[in-house]
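One structure is given below, encoded as structure tokens.
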There are 2 protein chains.
Amino acid sequence: MLIIISGPSGSGKGTVVKQLDAGLGYALSISVTTREPRDGEVHGKDYFFTTEEGFTKMRQENALLEHAVYVGNFYGTPRNYVEEQIAQGKVAVLEIEVLGALQVKEKFPEAVLIFLMPPTVVELSNRLKGRNTEDDVTIEARLKKSLEEVPLIDQYNYLVINDDVPRAVEKINAIVAAERLRPKRCSHEINEFVDSQKYLK
Amino acid sequence: MLIIISGPSGSGKGTVVKQLDAGLGYALSISVTTREPRDGEVHGKDYFFTTEEGFTKMRQENALLEHAVYVGNFYGTPRNYVEEQIAQGKVAVLEIEVLGALQVKEKFPEAVLIFLMPPTVVELSNRLKGRNTEDDVTIEARLKKSLEEVPLIDQYNYLVINDDVPRAVEKINAIVAAERLRPKRCSHEINEFVDSQKYLK
């Protein structure tokens, strides 16, 4: 299964995703990037580092589920890595921006899209200000963007209000538990039921 | 929300439905029937009792979500009662046969259909035999019908294997928790987010 956790900047995507319990089968996706590794960052753990040529080649070969530019560097989600996790029965988790999420949905219609939203715009504003990393103009632009993204929520499968991280994680766990019960994901159980008729006396 | 628990005779629908916790908002639907009340049965609690004329009138007025004949008596699901429960924010629960469930889905496309299935046909056979209420011919017919119903599972939203009642109940709780997070059921939260911008300084 592939789940995509998306939502406005400041919705708490990163924090929530880090709390998803690997013991429950979650496997966080690793992005490909052209930016330089920072101290301590490990290839294949934090990122897959590549050159611009390598990145362009991946794009051309349809090896990326989505990609974006940020501060002059390319970032993308490698299809291969995600498909490997899924083949191993894991719940692959992508944490990406709203438009990227909708890009992936097109390539991967079975993906489960979860929109993470702060309870109010005021709370979002407080969180962004609390980070102390962005100036007022940037924050205002982010708030405006978060409101513009609201009509896109309809294209998502689920909406999770992130008023409390453990509660948001619990909701995501319920979504995954429910999605595992979709008939299309239960062919093994269905076949087992049908096949068992041969043991009837 | 309306959830429909359906599945072959012997899947344990009745037992599972009785274990759904009213504290979590579940409200079991009450059927309309033309059969005579048995000792101790209360109108409006066990059944809504009515005459054949009353039943036919309800049918003609589209007041039934589904209906069926069983041993010469009519049984149906009153639309009114279900809609009242939903209006009160309850999770209305119907426990009905497979074809009835698909009838309701047509009239009520938002209904969440859950197919309850025993793990194997052998287990189903054992359960039916254990009841000691049906002869071998009837049991064989029920087993055959359960296999014929398998292709209909695709028309359901979820499949729950009832290998263990508490586990099946837990899965239904997860389904309801997840379904509450559908964007179409979250317009209150979405409006709250948008409206809160007026409090931005």
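Here's how to read the names in the structure tokens: chain A, B, ... by the order shown, residue numbers from 1 in each chain, ligand numbers from 1 in the order shown.
Look at Gln88 (chain A): the protein and nucleic acid residues within 12 Å of it, using only C-alpha atoms and passing over chain neighbours fewer than 2 places away, are Met1, Leu2, Gly25, Tyr26, Ala27, Tyr81, Val82, Glu83, Glu84, Gln85, Ile86, Lys90, Val91 and Ala92 of chain A.
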*Define the interface residues of chain B facing chain A as those within 10 Å, counting only C-alpha atoms, and report them as JSON, numbers by chain.*
{"B": [114, 115, 117, 118, 119, 120, 121, 122, 123, 124, 125, 126, 143, 144, 146, 147, 148, 150, 151, 153, 154, 155, 156, 157, 158, 159, 160, 161, 170, 171, 172, 173, 174, 175, 176, 177, 178, 179, 180, 181, 182, 183, 184, 185, 186, 189, 190, 191, 192, 193, 194, 195, 196, 197, 198, 199, 200, 201]}
*Enter the distance from CA of Val112 (chain A) to CA of Ala68 (chain A), in Å, rounded to one decimal.*
20.5 Å
*Using only C-alpha atoms, which residue out of A:Thr51, A:Ser9, A:Ser187, A:Gln60 lies closest to Glu97 (chain A)?*
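Once distances to Glu97 (chain A) are computed over only C-alpha atoms, the minimum belongs to A:Ser9.
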*Just the helix (DSSP H, G or I) stuff from region 13-196 of chain A, please, per backbone DSSP, written as a ChimeraX atom specification.*
/A:13-18,22-24,52-60,79-87,98-107,121-131,136-148,150-155,165-179,183-185,187-196
*What is the distance, in Å and to one decimal place, between CA of Lys145 (chain B) and CA of Ile5 (chain B)?*
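Interatomic distance, CA of Lys145 (chain B) to CA of Ile5 (chain B): 17.3 Å.
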_So that I can see what lies close to Thr34 (chain A), please list as a list in words the residues with an atom at most 7 Å from it, counting only C-alpha atoms and leaving out residues fewer than 4 positions away in the same chain._
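Once the adjacent positions are removed, what remains is Phe49, Thr50, Thr51, Glu52, Asn73, Phe74 and Tyr75 of chain A.
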The selected residues should be written to file as a CSV table (one decimal), in the first residue's frame (atoms: N, CA and C atoms).
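What landed in selection25.csv:
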```csv
chain,number,residue,atom,x,y,z
A,49,PHE,N,21.4,10.7,-3.3
A,49,PHE,CA,22.0,11.9,-3.9
A,49,PHE,C,22.4,11.6,-5.3
A,50,THR,N,22.2,12.5,-6.2
A,50,THR,CA,22.5,12.3,-7.6
A,50,THR,C,22.9,13.6,-8.3
A,51,THR,N,23.3,13.5,-9.5
A,51,THR,CA,23.7,14.8,-10.3
A,51,THR,C,22.5,15.2,-11.0
A,52,GLU,N,22.6,16.4,-11.6
A,52,GLU,CA,21.5,16.9,-12.5
A,52,GLU,C,21.2,16.0,-13.6
A,73,ASN,N,17.5,23.4,-6.3
A,73,ASN,CA,17.8,21.9,-6.4
A,73,ASN,C,16.6,21.1,-6.7
A,74,PHE,N,16.8,20.0,-7.4
A,74,PHE,CA,15.7,19.1,-7.7
A,74,PHE,C,15.5,18.0,-6.6
A,75,TYR,N,14.2,17.7,-6.4
A,75,TYR,CA,13.8,16.7,-5.5
A,75,TYR,C,12.8,15.8,-6.2
```
*Name the residues of region 99-140 of chain A that fall into strand (DSSP E or B) according to DSSP on the backbone, using the chain letters and numbers of this document, as a PyMOL selection string.*
chain A and resi 112-117
_Atom pair CA of Gly10 (chain A) / CA of Val104 (chain A): separation (Å)_ = 21.3 Å
*Would you mind telling me which residue in A:Leu116, A:Thr56, A:Ser6, A:Ser31 lies nearest to Asp164 (chain A) when using only C-alpha atoms?*
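Of the candidates, the smallest distance to Asp164 (chain A) is held by A:Leu116.
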